[in-house]
Each structure stands twice: as C-alpha cells, then as structure tokens.
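A short worksheet on the structure shown next.
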Amino acid sequence: MFTPSGGSILITEHFEERSLEIEQELLPLRCVRFIREDFKIEDAKEVISEAYKSESQTKTLILGAKSFTIPAQNALLKILEEPPPNVVFILLAPNKSTFLPTVRSRLSLT
C-alpha cells in the first residue's frame, strides 16, 4: 500500500497506470491527477491553483510526465517546500534526473 507523507517522487514509465493505482490505494481520500506528455508552466499553475483549494481531509496531487520544463519546476518549488494543509504531492517521471536538484531535495525518492 502506498502511503505518502509530505511528498514523493516515484520512478515509472507508466504514469497513467501508476497514478490510477495510487488513487485506488488512497481511497476514500481525494486524488487529483495531472498526467501530461510534457509538464509545462500552464500545468504548474493549474496544480498550484488546485493545491490552494482547501480540503478537510488529505488531498493528493499526482503529477506525471516524461518531462517537466524548467519554468514549470521552478513554479512548483515553493508549494513543494511548503504545501498547504492537507495536501500531498506525488511526482511521477521516468527517472530522477527529470527533476532539478532543487525539486529532488524537497521530496523523498521512492
């Protein structure tokens, strides 16, 4: 069973399938998936907006892509470091080098 704490980076080639597995494992908690081919600044802004929608229970935001642009990663830095209450981030990518060192330092690699 997957139990996120704070936030995690998961290495996988199968973003859609893995995100669905995580969502099922975390039921009845709410998950919002952002699965893209390439994760861009517009996607990061959408994630940030969703993260600030308050929840009484834990909400997991799952971001998955083959690549994450540098502007998108930079936009996510603050929210990854200081997530809103009851928000957990899971980032899915084909390898850890997909992410900037500053992003990797804010999340655990599982």
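Chain lettering (A, B, ...) mirrors the order of the structure tokens, residue numbering begins at 1 for each chain separately, and ligand numbering begins at 1 in order of display.
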Determine, counting only C-alpha atoms, which protein, DNA and RNA residues have an atom within 10 Å of an atom of range 14-25 of chain A; residues of the same chain fewer than 6 positions away are not included. Present the result as an mmCIF file with N, CA, C and O atoms, in the first residue's frame.
```
data_model
loop_
_atom_site.group_PDB
_atom_site.id
_atom_site.type_symbol
_atom_site.label_atom_id
_atom_site.label_comp_id
_atom_site.auth_asym_id
_atom_site.auth_seq_id
_atom_site.Cartn_x
_atom_site.Cartn_y
_atom_site.Cartn_z
ATOM 1 N N MET A 1 0.851 -1.193 0.000
ATOM 2 C CA MET A 1 0.000 0.000 0.000
ATOM 3 C C MET A 1 0.882 1.237 0.000
ATOM 4 O O MET A 1 1.843 1.334 0.735
ATOM 5 N N PHE A 2 0.522 2.191 -0.809
ATOM 6 C CA PHE A 2 1.274 3.440 -0.915
ATOM 7 C C PHE A 2 0.747 4.412 0.127
ATOM 8 O O PHE A 2 -0.441 4.691 0.180
ATOM 9 N N THR A 3 1.634 4.930 0.966
ATOM 10 C CA THR A 3 1.225 5.913 1.972
ATOM 11 C C THR A 3 2.160 7.110 1.901
ATOM 12 O O THR A 3 3.267 7.080 2.419
ATOM 13 N N PRO A 4 1.751 8.158 1.213
ATOM 14 C CA PRO A 4 2.616 9.316 1.068
ATOM 15 C C PRO A 4 2.706 10.113 2.362
ATOM 16 O O PRO A 4 1.771 10.165 3.140
ATOM 17 N N CYS A 31 -7.891 12.317 -4.696
ATOM 18 C CA CYS A 31 -6.697 12.459 -5.527
ATOM 19 C C CYS A 31 -7.067 13.265 -6.768
ATOM 20 O O CYS A 31 -8.155 13.100 -7.318
ATOM 21 N N VAL A 32 -6.149 14.128 -7.175
ATOM 22 C CA VAL A 32 -6.334 14.875 -8.424
ATOM 23 C C VAL A 32 -5.104 14.577 -9.264
ATOM 24 O O VAL A 32 -3.978 14.789 -8.830
ATOM 25 N N ARG A 33 -5.337 14.062 -10.461
ATOM 26 C CA ARG A 33 -4.230 13.648 -11.328
ATOM 27 C C ARG A 33 -3.977 14.683 -12.425
ATOM 28 O O ARG A 33 -4.905 15.183 -13.041
ATOM 29 N N PHE A 34 -2.701 14.951 -12.645
ATOM 30 C CA PHE A 34 -2.251 15.844 -13.717
ATOM 31 C C PHE A 34 -1.225 15.048 -14.523
ATOM 32 O O PHE A 34 -0.027 15.111 -14.261
ATOM 33 N N ILE A 35 -1.704 14.265 -15.478
ATOM 34 C CA ILE A 35 -0.829 13.416 -16.275
ATOM 35 C C ILE A 35 -0.690 14.048 -17.657
ATOM 36 O O ILE A 35 -1.679 14.291 -18.342
ATOM 37 N N ARG A 36 0.536 14.349 -18.027
ATOM 38 C CA ARG A 36 0.819 15.027 -19.298
ATOM 39 C C ARG A 36 1.970 14.328 -20.009
ATOM 40 O O ARG A 36 2.738 13.596 -19.398
ATOM 41 N N GLU A 37 2.122 14.601 -21.279
ATOM 42 C CA GLU A 37 3.310 14.149 -22.013
ATOM 43 C C GLU A 37 4.501 14.996 -21.565
ATOM 44 O O GLU A 37 5.547 14.478 -21.199
ATOM 45 N N THR A 60 -4.356 14.360 -2.399
ATOM 46 C CA THR A 60 -3.094 14.023 -3.048
ATOM 47 C C THR A 60 -3.132 14.520 -4.482
ATOM 48 O O THR A 60 -4.063 14.214 -5.234
ATOM 49 N N LEU A 61 -2.121 15.289 -4.854
ATOM 50 C CA LEU A 61 -1.983 15.776 -6.225
ATOM 51 C C LEU A 61 -0.901 14.942 -6.895
ATOM 52 O O LEU A 61 0.243 14.905 -6.432
ATOM 53 N N ILE A 62 -1.277 14.265 -7.961
ATOM 54 C CA ILE A 62 -0.364 13.377 -8.676
ATOM 55 C C ILE A 62 0.006 14.039 -9.994
ATOM 56 O O ILE A 62 -0.854 14.290 -10.828
ATOM 57 N N LEU A 63 1.301 14.315 -10.164
ATOM 58 C CA LEU A 63 1.814 14.955 -11.376
ATOM 59 C C LEU A 63 2.695 13.954 -12.093
ATOM 60 O O LEU A 63 3.661 13.450 -11.509
ATOM 61 N N GLY A 64 2.387 13.651 -13.332
ATOM 62 C CA GLY A 64 3.191 12.692 -14.075
ATOM 63 C C GLY A 64 3.465 13.160 -15.485
ATOM 64 O O GLY A 64 2.579 13.693 -16.149
ATOM 65 N N ALA A 65 4.709 12.978 -15.934
ATOM 66 C CA ALA A 65 5.085 13.356 -17.298
ATOM 67 C C ALA A 65 6.441 12.770 -17.652
ATOM 68 O O ALA A 65 7.229 12.436 -16.771
ATOM 69 N N LYS A 66 6.685 12.674 -18.953
ATOM 70 C CA LYS A 66 8.014 12.253 -19.417
ATOM 71 C C LYS A 66 9.038 13.338 -19.153
ATOM 72 O O LYS A 66 10.196 13.070 -18.894
ATOM 73 N N ILE A 90 2.697 13.894 -5.284
ATOM 74 C CA ILE A 90 3.412 12.741 -5.811
ATOM 75 C C ILE A 90 3.780 13.080 -7.248
ATOM 76 O O ILE A 90 2.903 13.395 -8.063
ATOM 77 N N LEU A 91 5.074 13.048 -7.545
ATOM 78 C CA LEU A 91 5.557 13.317 -8.893
ATOM 79 C C LEU A 91 6.018 12.017 -9.528
ATOM 80 O O LEU A 91 6.783 11.259 -8.913
ATOM 81 N N LEU A 92 5.538 11.746 -10.728
ATOM 82 C CA LEU A 92 5.892 10.541 -11.465
ATOM 83 C C LEU A 92 6.729 10.928 -12.674
ATOM 84 O O LEU A 92 6.362 11.847 -13.415
ATOM 85 N N ALA A 93 7.845 10.234 -12.874
ATOM 86 C CA ALA A 93 8.721 10.519 -14.010
ATOM 87 C C ALA A 93 9.512 9.264 -14.353
ATOM 88 O O ALA A 93 9.632 8.353 -13.536
ATOM 89 N N PRO A 94 10.078 9.212 -15.565
ATOM 90 C CA PRO A 94 10.829 8.019 -15.966
ATOM 91 C C PRO A 94 12.168 7.856 -15.243
ATOM 92 O O PRO A 94 12.685 6.752 -15.148
#
```
Determine which residues of range 7-106 of chain A receive a DSSP assignment of strand (DSSP E or B), computed from the backbone, and state them as number ranges by chain. A: 7-11, 30-35, 38-39, 59-64, 67-68, 87-93
Rounded to one decimal in Å, what is the spacing between CA of Asn86 in chain A and CA of Ser67 in chain A?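 That distance, rounded to one decimal, is 26.6 Å.
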Residues flagged helix (DSSP H, G or I) by DSSP in chain A, as number ranges by chain: A: 15-26, 41-51, 70-81, 96-98, 101-104
Between A:Glu82, A:Ala75, A:Ile41, A:Phe68, single out the one closest to Ser97 in chain A, counting only C-alpha atoms.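 Checking each of A:Glu82, A:Ala75, A:Ile41, A:Phe68 against Ser97 in chain A, counting only C-alpha atoms, the winner is A:Phe68.
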What is the CA of Ile79 in chain A to CA of Leu109 in chain A distance in Å?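 A separation of 17.5 Å between them.
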Report the distance between CA of Leu100 in chain A and CA of Lys53 in chain A in Å, rounded to one decimal place.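 CA of Lys53 in chain A lies 26.3 Å from CA of Leu100 in chain A.
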Compare A:Thr58, A:Thr110, A:Gln73, A:Val47 by their minimum atom-to-atom distance to Leu26 in chain A, counting only C-alpha atoms, and give me the closest one. A:Thr58
Could you tell me which of A:Glu46, A:Tyr52, A:Val87, A:Lys40 comes closest to Asn74 in chain A if we count only C-alpha atoms?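 Of A:Glu46, A:Tyr52, A:Val87, A:Lys40, the one nearest Asn74 in chain A is A:Lys40, counting only C-alpha atoms.
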